$ cat start02.csv   # CSV, C-alpha atoms
chain,number,residue,atom,x,y,z
A,1,MET,CA,131.9,-85.1,-25.8
A,2,LYS,CA,130.3,-86.6,-28.9
A,3,ARG,CA,127.0,-84.8,-28.2
A,4,SER,CA,128.9,-81.5,-27.9
A,5,ILE,CA,130.6,-82.1,-31.3
A,6,THR,CA,127.2,-83.0,-32.9
A,7,ALA,CA,125.6,-79.9,-31.4
A,8,LEU,CA,128.4,-77.7,-32.8
A,9,ILE,CA,128.1,-79.2,-36.3
A,10,ALA,CA,124.3,-78.7,-36.2
A,11,ALA,CA,124.7,-75.1,-35.1
A,12,ALA,CA,127.2,-74.5,-37.9
A,13,LEU,CA,124.9,-75.9,-40.5
A,14,VAL,CA,122.0,-73.8,-39.2
A,15,ALA,CA,124.2,-70.7,-39.3
A,16,ALA,CA,125.4,-71.4,-42.8
A,17,THR,CA,121.8,-71.9,-43.9
A,18,LEU,CA,120.7,-68.7,-42.3
A,19,THR,CA,123.6,-66.8,-43.9
A,20,THR,CA,122.9,-68.2,-47.3
A,21,THR,CA,119.2,-67.4,-47.0
A,22,THR,CA,119.9,-63.8,-45.9
A,23,ALA,CA,122.5,-63.2,-48.6
A,24,SER,CA,120.3,-64.4,-51.5
A,25,ALA,CA,117.2,-62.6,-52.8
A,26,ALA,CA,113.9,-64.0,-51.8
A,27,PRO,CA,112.3,-65.9,-54.7
A,28,ALA,CA,109.2,-64.4,-56.2
A,29,LYS,CA,106.1,-66.2,-55.0
A,30,HIS,CA,103.4,-67.2,-57.5
A,31,PRO,CA,100.0,-68.3,-56.4
A,32,LYS,CA,99.3,-71.9,-56.9
A,33,PRO,CA,96.3,-72.8,-59.1
A,34,VAL,CA,93.3,-73.8,-57.1
A,35,VAL,CA,89.8,-74.9,-57.7
A,36,LYS,CA,86.6,-74.7,-55.7
A,37,CYS,CA,85.0,-78.0,-54.5
A,38,GLU,CA,81.5,-78.8,-53.4
A,39,PHE,CA,81.2,-81.2,-50.5
A,40,THR,CA,77.5,-81.9,-49.8
A,41,PRO,CA,76.4,-83.4,-46.5
A,42,THR,CA,74.5,-86.7,-46.7
A,43,PRO,CA,72.4,-86.8,-43.5
A,44,GLU,CA,70.7,-90.0,-44.8
A,45,ASN,CA,74.2,-91.6,-44.7
A,46,PRO,CA,76.0,-90.1,-41.7
A,47,ALA,CA,79.8,-90.4,-41.3
A,48,ALA,CA,80.9,-93.9,-40.3
A,49,LYS,CA,83.9,-92.3,-38.5
A,50,PRO,CA,84.2,-88.9,-37.0
A,51,VAL,CA,85.4,-86.6,-39.8
A,52,ARG,CA,84.8,-83.1,-40.9
A,53,ARG,CA,84.1,-82.0,-44.5
A,54,PRO,CA,87.3,-80.9,-46.3
A,55,SER,CA,87.8,-77.2,-47.0
A,56,PRO,CA,86.2,-76.1,-50.3
A,57,VAL,CA,89.4,-75.0,-51.9
A,58,ALA,CA,91.8,-77.6,-53.4
A,59,LYS,CA,95.2,-77.4,-55.1
A,60,ALA,CA,94.9,-78.1,-58.8
A,61,LYS,CA,98.6,-78.8,-59.5
A,62,GLY,CA,101.2,-81.3,-58.3
A,63,THR,CA,101.3,-84.8,-57.0
A,64,VAL,CA,101.1,-86.4,-53.6
A,65,ASP,CA,102.3,-89.8,-52.6
A,66,VAL,CA,100.0,-91.9,-50.3
A,67,TYR,CA,101.5,-94.8,-48.4
A,68,PHE,CA,99.4,-97.8,-47.5
A,69,LEU,CA,100.3,-100.6,-45.1
A,70,THR,CA,98.1,-103.7,-45.4
A,71,ASN,CA,98.2,-107.2,-43.9
A,72,TYR,CA,99.5,-108.3,-47.4
A,73,GLY,CA,102.3,-105.8,-47.5
A,74,PRO,CA,102.7,-102.1,-48.4
A,75,PHE,CA,102.0,-100.1,-51.5
A,76,VAL,CA,102.4,-96.5,-52.6
A,77,VAL,CA,100.0,-94.5,-54.8
A,78,ARG,CA,101.0,-91.3,-56.6
A,79,MET,CA,98.0,-89.1,-56.9
A,80,ASP,CA,97.7,-86.3,-59.5
A,81,ARG,CA,95.9,-83.2,-58.4
A,82,SER,CA,95.6,-81.9,-62.0
A,83,GLY,CA,93.4,-84.8,-63.0
A,84,ALA,CA,91.1,-84.8,-60.0
A,85,PRO,CA,91.9,-81.9,-57.7
A,86,CYS,CA,88.8,-82.2,-55.5
A,87,GLY,CA,89.2,-86.0,-55.3
A,88,VAL,CA,92.8,-85.9,-54.3
A,89,HIS,CA,92.1,-83.1,-51.9
A,90,ASN,CA,89.4,-85.2,-50.3
A,91,PHE,CA,91.5,-88.4,-50.2
A,92,VAL,CA,94.4,-86.7,-48.5
A,93,HIS,CA,91.9,-85.1,-46.0
A,94,LEU,CA,90.5,-88.5,-45.1
A,95,VAL,CA,94.0,-90.0,-44.8
A,96,ARG,CA,95.1,-87.2,-42.4
A,97,SER,CA,91.8,-87.7,-40.5
A,98,ARG,CA,92.8,-91.4,-40.1
A,99,PHE,CA,89.5,-92.4,-41.8
A,100,TYR,CA,91.1,-95.3,-43.6
A,101,ASP,CA,93.3,-96.6,-40.7
A,102,ALA,CA,92.2,-100.0,-39.3
A,103,THR,CA,89.6,-100.7,-42.0
A,104,GLN,CA,88.8,-103.6,-44.2
A,105,CYS,CA,88.4,-104.0,-48.0
A,106,PHE,CA,85.2,-105.9,-48.5
A,107,ARG,CA,85.2,-106.6,-52.3
A,108,LEU,CA,87.7,-108.3,-54.5
A,109,THR,CA,87.0,-109.2,-58.1
A,110,ASN,CA,88.9,-111.3,-60.7
A,111,SER,CA,86.5,-111.8,-63.6
A,112,ALA,CA,87.0,-111.4,-67.3
A,113,ARG,CA,85.6,-107.9,-67.1
A,114,LEU,CA,86.8,-106.6,-63.8
A,115,GLY,CA,89.8,-107.1,-61.6
A,116,VAL,CA,89.8,-104.7,-58.7
A,117,LEU,CA,90.1,-104.4,-54.9
A,118,GLN,CA,87.4,-102.1,-53.5
A,119,CYS,CA,88.1,-100.4,-50.2
A,120,GLY,CA,87.0,-97.3,-48.2
A,121,ASP,CA,83.7,-98.7,-47.0
A,122,ILE,CA,83.8,-98.8,-43.2
A,123,TYR,CA,80.9,-101.1,-42.4
A,124,ARG,CA,80.6,-103.4,-45.4
A,125,GLN,CA,80.6,-103.2,-49.2
A,126,GLU,CA,79.3,-99.8,-50.3
A,127,GLU,CA,78.2,-98.9,-46.7
A,128,GLY,CA,80.0,-96.6,-44.3
A,129,GLY,CA,81.2,-93.3,-45.9
A,130,PRO,CA,82.3,-89.9,-44.6
A,131,GLY,CA,78.9,-88.3,-44.3
A,132,TYR,CA,79.2,-86.2,-47.5
A,133,LYS,CA,79.5,-86.5,-51.2
A,134,PHE,CA,81.0,-84.6,-54.1
A,135,PRO,CA,80.8,-84.5,-57.9
A,136,ASP,CA,82.7,-86.6,-60.4
A,137,GLU,CA,85.9,-85.4,-62.1
A,138,VAL,CA,85.8,-87.2,-65.4
A,139,SER,CA,86.5,-86.2,-69.0
A,140,GLY,CA,85.0,-89.3,-70.7
A,141,LYS,CA,88.4,-90.5,-71.8
A,142,GLU,CA,89.4,-92.3,-68.6
A,143,THR,CA,90.9,-95.8,-68.8
A,144,TYR,CA,91.6,-98.1,-66.0
A,145,PRO,CA,94.7,-100.3,-66.6
A,146,ARG,CA,96.6,-102.3,-63.9
A,147,GLY,CA,97.6,-100.1,-61.0
A,148,THR,CA,94.9,-97.4,-61.5
A,149,VAL,CA,93.4,-96.0,-58.4
A,150,ALA,CA,89.9,-94.4,-58.7
A,151,TYR,CA,86.9,-93.5,-56.7
A,152,GLY,CA,84.0,-95.9,-56.6
A,153,ASN,CA,80.5,-94.6,-56.5
A,154,GLN,CA,76.8,-95.5,-56.5
A,155,GLY,CA,75.9,-93.2,-59.4
A,156,PRO,CA,76.9,-89.8,-60.7
A,157,GLY,CA,78.1,-87.3,-58.1
A,158,THR,CA,78.2,-89.8,-55.2
A,159,ASN,CA,81.9,-89.8,-54.4
A,160,GLY,CA,82.9,-90.1,-50.8
A,161,SER,CA,85.5,-92.5,-49.3
A,162,GLU,CA,85.1,-95.6,-51.5
A,163,PHE,CA,87.9,-96.3,-53.9
A,164,PHE,CA,89.3,-99.2,-55.9
A,165,VAL,CA,92.6,-100.4,-57.1
A,166,VAL,CA,92.9,-102.2,-60.5
A,167,HIS,CA,95.0,-105.3,-60.0
A,168,SER,CA,94.7,-106.6,-63.6
A,169,PHE,CA,92.3,-104.6,-65.8
A,170,ALA,CA,88.8,-103.0,-65.6
A,171,ASN,CA,86.6,-102.9,-68.7
A,172,ILE,CA,84.3,-100.3,-67.3
A,173,PRO,CA,82.8,-97.0,-68.7
A,174,PRO,CA,84.7,-93.8,-67.9
A,175,ASN,CA,82.5,-92.9,-65.0
A,176,TYR,CA,85.0,-93.1,-62.2
A,177,SER,CA,87.4,-90.3,-61.2
A,178,VAL,CA,91.0,-91.4,-61.5
A,179,LEU,CA,93.1,-90.4,-58.5
A,180,GLY,CA,96.5,-91.8,-59.6
A,181,HIS,CA,98.4,-95.0,-59.9
A,182,VAL,CA,100.3,-97.5,-57.8
A,183,ILE,CA,104.0,-96.7,-58.2
A,184,THR,CA,105.3,-99.6,-56.0
A,185,GLY,CA,103.8,-102.6,-54.3
A,186,MET,CA,101.6,-104.3,-56.9
A,187,ASP,CA,102.9,-107.6,-55.6
A,188,ALA,CA,100.7,-107.1,-52.6
A,189,PHE,CA,97.7,-107.2,-54.8
A,190,ASP,CA,99.0,-110.3,-56.6
A,191,ARG,CA,99.1,-112.0,-53.2
A,192,MET,CA,95.6,-110.9,-52.4
A,193,VAL,CA,94.2,-112.4,-55.6
A,194,ALA,CA,96.2,-115.6,-55.1
A,195,ALA,CA,94.6,-116.0,-51.7
A,196,GLY,CA,91.2,-116.4,-53.4
A,197,ILE,CA,87.7,-114.9,-53.4
A,198,ALA,CA,84.8,-116.3,-51.4
A,199,ASP,CA,82.4,-116.2,-54.4
A,200,PRO,CA,82.0,-118.6,-57.4
A,201,ASP,CA,81.7,-115.6,-59.7
A,202,GLN,CA,85.0,-114.2,-58.5
A,203,ASP,CA,83.3,-111.0,-57.3
A,204,GLY,CA,82.8,-110.8,-53.5
A,205,PRO,CA,84.6,-110.9,-50.2
A,206,PRO,CA,88.2,-112.0,-50.1
A,207,MET,CA,88.8,-115.5,-48.9
A,208,LYS,CA,91.1,-114.1,-46.2
A,209,PRO,CA,90.3,-110.6,-44.9
A,210,ILE,CA,92.2,-107.8,-46.5
A,211,ARG,CA,93.0,-105.1,-43.9
A,212,ILE,CA,94.3,-101.6,-44.3
A,213,LEU,CA,96.4,-101.1,-41.2
A,214,LYS,CA,97.7,-97.5,-41.7
A,215,VAL,CA,97.7,-94.8,-44.4
A,216,TRP,CA,99.7,-91.6,-44.5
A,217,ALA,CA,100.4,-89.0,-47.1
A,218,LEU,CA,103.5,-87.0,-47.9
$ encode --input "start02.csv" --output "structure tokens"
Amino acid sequence: MKRSITALIAAALVAATLTTTTASAAPAKHPKPVVKCEFTPTPENPAAKPVRRPSPVAKAKGTVDVYFLTNYGPFVVRMDRSGAPCGVHNFVHLVRSRFYDATQCFRLTNSARLGVLQCGDIYRQEEGGPGYKFPDEVSGKETYPRGTVAYGNQGPGTNGSEFFVVHSFANIPPNYSVLGHVITGMDAFDRMVAAGIADPDQDGPPMKPIRILKVWAL
């Protein structure tokens, strides 16, 4: 009986929605701004996990929230397409390809110059990317305060899957494309730092492994 009532209510809601949609004029559609992206294969560094190159067209407007579940707790990053459209496009592509699932973050720093967690390298620090690279998206005015999420690289135009999250501050030149900022869950990074770094210079592997269990984008 309860199921029948529920079905009737659902049907009524659907009917009301359809009636409203039919009665109102269809809103005018405006094309969303897009940009062309160049993803260049890197045969010398093949993909560490099976993944295709992203499509060469990226949205250049709006935001997307990316959810991370780690062994230190969850956090959420709000990424801004207008700041780095190709970078955000690529990141979401890798997330939906499950590239970051069940991976490890191999570098944690907590020095006077740099306080970041570096992730996205599948094999080890700075090794194990997606098998392609793409150009930087920087203006020269980038700053990296606490909560910033940006691509790591090994020189100009070498973006791939590597990224870092600033847990304190990063006194670095504006050479790294900013994806967005952590909007909730910075306490997870505080716990990571408190657990320690296995390096006397406070720049190396975490004392306890930091694992990304699952990532998804909405």
$ atom_distance --input "start02.csv" --atom1 "CA of Asp121 (chain A)" --atom2 "CA of His167 (chain A)"
18.4 Å
$ closest_atom_pairs --input "start02.csv" --of "region 72-126 of chain A" --to "region 197-213 of chain A" --cutoff "10 Å" --atoms "all atoms listed in the file" --output "Markdown table"
| residue | atom | partner | partner_atom | distance |
| --- | --- | --- | --- | --- |
| A:Tyr72 | CA | A:Ile210 | CA | 7.4 |
| A:Gly73 | CA | A:Ile212 | CA | 9.6 |
| A:Pro74 | CA | A:Ile212 | CA | 9.4 |
| A:Tyr100 | CA | A:Ile212 | CA | 7.1 |
| A:Asp101 | CA | A:Leu213 | CA | 5.5 |
| A:Ala102 | CA | A:Leu213 | CA | 4.7 |
| A:Thr103 | CA | A:Ile212 | CA | 5.3 |
| A:Gln104 | CA | A:Arg211 | CA | 4.5 |
| A:Cys105 | CA | A:Ile210 | CA | 5.6 |
| A:Phe106 | CA | A:Pro205 | CA | 5.3 |
| A:Arg107 | CA | A:Pro205 | CA | 4.8 |
| A:Leu108 | CA | A:Gly204 | CA | 5.6 |
| A:Thr109 | CA | A:Asp203 | CA | 4.2 |
| A:Asn110 | CA | A:Gln202 | CA | 5.3 |
| A:Ser111 | CA | A:Gln202 | CA | 5.8 |
| A:Ala112 | CA | A:Gln202 | CA | 9.4 |
| A:Leu114 | CA | A:Asp203 | CA | 8.6 |
| A:Gly115 | CA | A:Asp203 | CA | 8.7 |
| A:Val116 | CA | A:Asp203 | CA | 9.2 |
| A:Leu117 | CA | A:Pro206 | CA | 9.2 |
| A:Gln118 | CA | A:Pro205 | CA | 9.8 |
| A:Cys119 | CA | A:Ile212 | CA | 8.6 |
| A:Gly120 | CA | A:Ile212 | CA | 9.3 |
| A:Arg124 | CA | A:Pro205 | CA | 9.8 |
| A:Gln125 | CA | A:Pro205 | CA | 8.7 |
$ atom_distance --input "start02.csv" --atom1 "CA of Phe134 (chain A)" --atom2 "CA of Phe169 (chain A)"
25.8 Å
$ closest_residue --input "start02.csv" --among "A:Thr158, A:Thr63, A:Asn171, A:Thr184" --to "Gly131 (chain A)" --atoms "all atoms listed in the file"
A:Thr158
$ closest_residue --input "start02.csv" --among "A:Ser161, A:Ser97, A:Ser139, A:Ser82" --to "Glu126 (chain A)" --atoms "all atoms listed in the file"
A:Ser161
$ decode --input "start02.csv" --residues "region 149-186 of chain A" --atoms "N, CA, C and O atoms" --output "PDB file, in the first residue's frame"
ATOM      1  N   VAL A 149      45.191  24.956  -4.540  1.00  0.00           N
ATOM      2  CA  VAL A 149      45.496  23.714  -5.254  1.00  0.00           C
ATOM      3  C   VAL A 149      46.001  24.095  -6.639  1.00  0.00           C
ATOM      4  O   VAL A 149      45.351  24.865  -7.360  1.00  0.00           O
ATOM      5  N   ALA A 150      47.170  23.588  -7.017  1.00  0.00           N
ATOM      6  CA  ALA A 150      47.787  23.955  -8.288  1.00  0.00           C
ATOM      7  C   ALA A 150      48.507  22.754  -8.887  1.00  0.00           C
ATOM      8  O   ALA A 150      48.815  21.776  -8.195  1.00  0.00           O
ATOM      9  N   TYR A 151      48.778  22.850 -10.176  1.00  0.00           N
ATOM     10  CA  TYR A 151      49.552  21.798 -10.829  1.00  0.00           C
ATOM     11  C   TYR A 151      51.020  21.927 -10.474  1.00  0.00           C
ATOM     12  O   TYR A 151      51.572  23.025 -10.453  1.00  0.00           O
ATOM     13  N   GLY A 152      51.667  20.789 -10.226  1.00  0.00           N
ATOM     14  CA  GLY A 152      53.110  20.739 -10.137  1.00  0.00           C
ATOM     15  C   GLY A 152      53.658  20.495 -11.535  1.00  0.00           C
ATOM     16  O   GLY A 152      52.936  20.071 -12.441  1.00  0.00           O
ATOM     17  N   ASN A 153      54.935  20.778 -11.725  1.00  0.00           N
ATOM     18  CA  ASN A 153      55.533  20.514 -13.033  1.00  0.00           C
ATOM     19  C   ASN A 153      57.034  20.312 -12.894  1.00  0.00           C
ATOM     20  O   ASN A 153      57.614  20.541 -11.832  1.00  0.00           O
ATOM     21  N   GLN A 154      57.652  19.905 -13.980  1.00  0.00           N
ATOM     22  CA  GLN A 154      59.103  19.749 -14.044  1.00  0.00           C
ATOM     23  C   GLN A 154      59.704  20.725 -15.041  1.00  0.00           C
ATOM     24  O   GLN A 154      60.698  20.450 -15.701  1.00  0.00           O
ATOM     25  N   GLY A 155      59.070  21.892 -15.169  1.00  0.00           N
ATOM     26  CA  GLY A 155      59.506  22.912 -16.111  1.00  0.00           C
ATOM     27  C   GLY A 155      58.311  23.426 -16.891  1.00  0.00           C
ATOM     28  O   GLY A 155      57.207  22.861 -16.809  1.00  0.00           O
ATOM     29  N   PRO A 156      58.490  24.498 -17.661  1.00  0.00           N
ATOM     30  CA  PRO A 156      57.379  25.089 -18.420  1.00  0.00           C
ATOM     31  C   PRO A 156      56.719  24.081 -19.356  1.00  0.00           C
ATOM     32  O   PRO A 156      57.386  23.308 -20.045  1.00  0.00           O
ATOM     33  N   GLY A 157      55.392  24.084 -19.343  1.00  0.00           N
ATOM     34  CA  GLY A 157      54.638  23.269 -20.283  1.00  0.00           C
ATOM     35  C   GLY A 157      54.661  21.787 -20.027  1.00  0.00           C
ATOM     36  O   GLY A 157      54.425  21.005 -20.957  1.00  0.00           O
ATOM     37  N   THR A 158      54.907  21.375 -18.793  1.00  0.00           N
ATOM     38  CA  THR A 158      54.991  19.936 -18.488  1.00  0.00           C
ATOM     39  C   THR A 158      53.888  19.473 -17.537  1.00  0.00           C
ATOM     40  O   THR A 158      54.055  18.496 -16.818  1.00  0.00           O
ATOM     41  N   ASN A 159      52.764  20.153 -17.540  1.00  0.00           N
ATOM     42  CA  ASN A 159      51.648  19.741 -16.692  1.00  0.00           C
ATOM     43  C   ASN A 159      51.118  18.378 -17.130  1.00  0.00           C
ATOM     44  O   ASN A 159      51.103  18.061 -18.319  1.00  0.00           O
ATOM     45  N   GLY A 160      50.669  17.601 -16.143  1.00  0.00           N
ATOM     46  CA  GLY A 160      50.100  16.290 -16.445  1.00  0.00           C
ATOM     47  C   GLY A 160      49.081  15.906 -15.397  1.00  0.00           C
ATOM     48  O   GLY A 160      47.934  16.347 -15.431  1.00  0.00           O
ATOM     49  N   SER A 161      49.509  15.109 -14.422  1.00  0.00           N
ATOM     50  CA  SER A 161      48.614  14.684 -13.346  1.00  0.00           C
ATOM     51  C   SER A 161      49.066  15.183 -11.975  1.00  0.00           C
ATOM     52  O   SER A 161      48.283  15.178 -11.028  1.00  0.00           O
ATOM     53  N   GLU A 162      50.326  15.600 -11.876  1.00  0.00           N
ATOM     54  CA  GLU A 162      50.873  16.020 -10.574  1.00  0.00           C
ATOM     55  C   GLU A 162      50.239  17.331 -10.112  1.00  0.00           C
ATOM     56  O   GLU A 162      50.091  18.271 -10.887  1.00  0.00           O
ATOM     57  N   PHE A 163      49.866  17.376  -8.816  1.00  0.00           N
ATOM     58  CA  PHE A 163      49.306  18.604  -8.255  1.00  0.00           C
ATOM     59  C   PHE A 163      49.751  18.726  -6.807  1.00  0.00           C
ATOM     60  O   PHE A 163      50.249  17.772  -6.199  1.00  0.00           O
ATOM     61  N   PHE A 164      49.590  19.925  -6.257  1.00  0.00           N
ATOM     62  CA  PHE A 164      49.913  20.116  -4.849  1.00  0.00           C
ATOM     63  C   PHE A 164      48.845  20.944  -4.168  1.00  0.00           C
ATOM     64  O   PHE A 164      48.144  21.740  -4.804  1.00  0.00           O
ATOM     65  N   VAL A 165      48.729  20.724  -2.860  1.00  0.00           N
ATOM     66  CA  VAL A 165      47.810  21.477  -2.009  1.00  0.00           C
ATOM     67  C   VAL A 165      48.643  22.202  -0.965  1.00  0.00           C
ATOM     68  O   VAL A 165      49.478  21.592  -0.285  1.00  0.00           O
ATOM     69  N   VAL A 166      48.448  23.511  -0.838  1.00  0.00           N
ATOM     70  CA  VAL A 166      49.203  24.312   0.125  1.00  0.00           C
ATOM     71  C   VAL A 166      48.530  24.192   1.487  1.00  0.00           C
ATOM     72  O   VAL A 166      47.391  24.617   1.661  1.00  0.00           O
ATOM     73  N   HIS A 167      49.234  23.611   2.451  1.00  0.00           N
ATOM     74  CA  HIS A 167      48.639  23.458   3.784  1.00  0.00           C
ATOM     75  C   HIS A 167      49.007  24.616   4.711  1.00  0.00           C
ATOM     76  O   HIS A 167      48.390  24.782   5.756  1.00  0.00           O
ATOM     77  N   SER A 168      50.004  25.417   4.349  1.00  0.00           N
ATOM     78  CA  SER A 168      50.357  26.590   5.153  1.00  0.00           C
ATOM     79  C   SER A 168      50.597  27.792   4.240  1.00  0.00           C
ATOM     80  O   SER A 168      49.766  28.681   4.148  1.00  0.00           O
ATOM     81  N   PHE A 169      51.716  27.809   3.541  1.00  0.00           N
ATOM     82  CA  PHE A 169      52.009  28.865   2.564  1.00  0.00           C
ATOM     83  C   PHE A 169      53.059  28.329   1.609  1.00  0.00           C
ATOM     84  O   PHE A 169      53.736  27.332   1.890  1.00  0.00           O
ATOM     85  N   ALA A 170      53.202  28.990   0.467  1.00  0.00           N
ATOM     86  CA  ALA A 170      54.191  28.582  -0.521  1.00  0.00           C
ATOM     87  C   ALA A 170      54.829  29.831  -1.129  1.00  0.00           C
ATOM     88  O   ALA A 170      54.197  30.530  -1.927  1.00  0.00           O
ATOM     89  N   ASN A 171      56.047  30.118  -0.712  1.00  0.00           N
ATOM     90  CA  ASN A 171      56.769  31.269  -1.252  1.00  0.00           C
ATOM     91  C   ASN A 171      57.519  30.826  -2.507  1.00  0.00           C
ATOM     92  O   ASN A 171      58.714  30.585  -2.505  1.00  0.00           O
ATOM     93  N   ILE A 172      56.777  30.712  -3.593  1.00  0.00           N
ATOM     94  CA  ILE A 172      57.304  30.206  -4.850  1.00  0.00           C
ATOM     95  C   ILE A 172      56.934  31.166  -5.979  1.00  0.00           C
ATOM     96  O   ILE A 172      55.980  31.940  -5.862  1.00  0.00           O
ATOM     97  N   PRO A 173      57.668  31.135  -7.086  1.00  0.00           N
ATOM     98  CA  PRO A 173      57.342  32.015  -8.211  1.00  0.00           C
ATOM     99  C   PRO A 173      56.021  31.608  -8.857  1.00  0.00           C
ATOM    100  O   PRO A 173      55.581  30.454  -8.716  1.00  0.00           O
ATOM    101  N   PRO A 174      55.380  32.528  -9.585  1.00  0.00           N
ATOM    102  CA  PRO A 174      54.067  32.240 -10.176  1.00  0.00           C
ATOM    103  C   PRO A 174      54.183  31.403 -11.445  1.00  0.00           C
ATOM    104  O   PRO A 174      53.745  31.809 -12.535  1.00  0.00           O
ATOM    105  N   ASN A 175      54.732  30.216 -11.300  1.00  0.00           N
ATOM    106  CA  ASN A 175      54.960  29.329 -12.442  1.00  0.00           C
ATOM    107  C   ASN A 175      54.019  28.133 -12.461  1.00  0.00           C
ATOM    108  O   ASN A 175      54.186  27.241 -13.298  1.00  0.00           O
ATOM    109  N   TYR A 176      53.050  28.113 -11.562  1.00  0.00           N
ATOM    110  CA  TYR A 176      52.219  26.923 -11.398  1.00  0.00           C
ATOM    111  C   TYR A 176      50.739  27.289 -11.568  1.00  0.00           C
ATOM    112  O   TYR A 176      50.233  28.190 -10.899  1.00  0.00           O
ATOM    113  N   SER A 177      50.079  26.591 -12.466  1.00  0.00           N
ATOM    114  CA  SER A 177      48.676  26.884 -12.787  1.00  0.00           C
ATOM    115  C   SER A 177      47.770  26.577 -11.599  1.00  0.00           C
ATOM    116  O   SER A 177      47.742  25.440 -11.108  1.00  0.00           O
ATOM    117  N   VAL A 178      47.027  27.579 -11.173  1.00  0.00           N
ATOM    118  CA  VAL A 178      46.126  27.414 -10.021  1.00  0.00           C
ATOM    119  C   VAL A 178      44.806  26.824 -10.496  1.00  0.00           C
ATOM    120  O   VAL A 178      44.142  27.356 -11.385  1.00  0.00           O
ATOM    121  N   LEU A 179      44.423  25.719  -9.870  1.00  0.00           N
ATOM    122  CA  LEU A 179      43.168  25.044 -10.197  1.00  0.00           C
ATOM    123  C   LEU A 179      42.005  25.559  -9.366  1.00  0.00           C
ATOM    124  O   LEU A 179      40.882  25.671  -9.851  1.00  0.00           O
ATOM    125  N   GLY A 180      42.255  25.830  -8.096  1.00  0.00           N
ATOM    126  CA  GLY A 180      41.190  26.270  -7.206  1.00  0.00           C
ATOM    127  C   GLY A 180      41.655  26.249  -5.775  1.00  0.00           C
ATOM    128  O   GLY A 180      42.853  26.353  -5.498  1.00  0.00           O
ATOM    129  N   HIS A 181      40.705  26.081  -4.868  1.00  0.00           N
ATOM    130  CA  HIS A 181      41.026  26.148  -3.440  1.00  0.00           C
ATOM    131  C   HIS A 181      40.185  25.141  -2.653  1.00  0.00           C
ATOM    132  O   HIS A 181      39.053  24.821  -3.033  1.00  0.00           O
ATOM    133  N   VAL A 182      40.751  24.669  -1.568  1.00  0.00           N
ATOM    134  CA  VAL A 182      40.028  23.775  -0.667  1.00  0.00           C
ATOM    135  C   VAL A 182      38.937  24.582   0.032  1.00  0.00           C
ATOM    136  O   VAL A 182      39.219  25.626   0.637  1.00  0.00           O
ATOM    137  N   ILE A 183      37.711  24.122  -0.055  1.00  0.00           N
ATOM    138  CA  ILE A 183      36.607  24.850   0.580  1.00  0.00           C
ATOM    139  C   ILE A 183      36.158  24.186   1.881  1.00  0.00           C
ATOM    140  O   ILE A 183      35.451  24.803   2.682  1.00  0.00           O
ATOM    141  N   THR A 184      36.555  22.949   2.086  1.00  0.00           N
ATOM    142  CA  THR A 184      36.299  22.284   3.358  1.00  0.00           C
ATOM    143  C   THR A 184      37.261  21.108   3.507  1.00  0.00           C
ATOM    144  O   THR A 184      37.634  20.474   2.518  1.00  0.00           O
ATOM    145  N   GLY A 185      37.698  20.873   4.741  1.00  0.00           N
ATOM    146  CA  GLY A 185      38.546  19.727   5.009  1.00  0.00           C
ATOM    147  C   GLY A 185      40.017  20.034   5.222  1.00  0.00           C
ATOM    148  O   GLY A 185      40.843  19.121   5.188  1.00  0.00           O
ATOM    149  N   MET A 186      40.379  21.301   5.484  1.00  0.00           N
ATOM    150  CA  MET A 186      41.791  21.618   5.715  1.00  0.00           C
ATOM    151  C   MET A 186      42.333  20.943   6.974  1.00  0.00           C
ATOM    152  O   MET A 186      43.546  20.763   7.116  1.00  0.00           O
TER     153      MET A 186
END
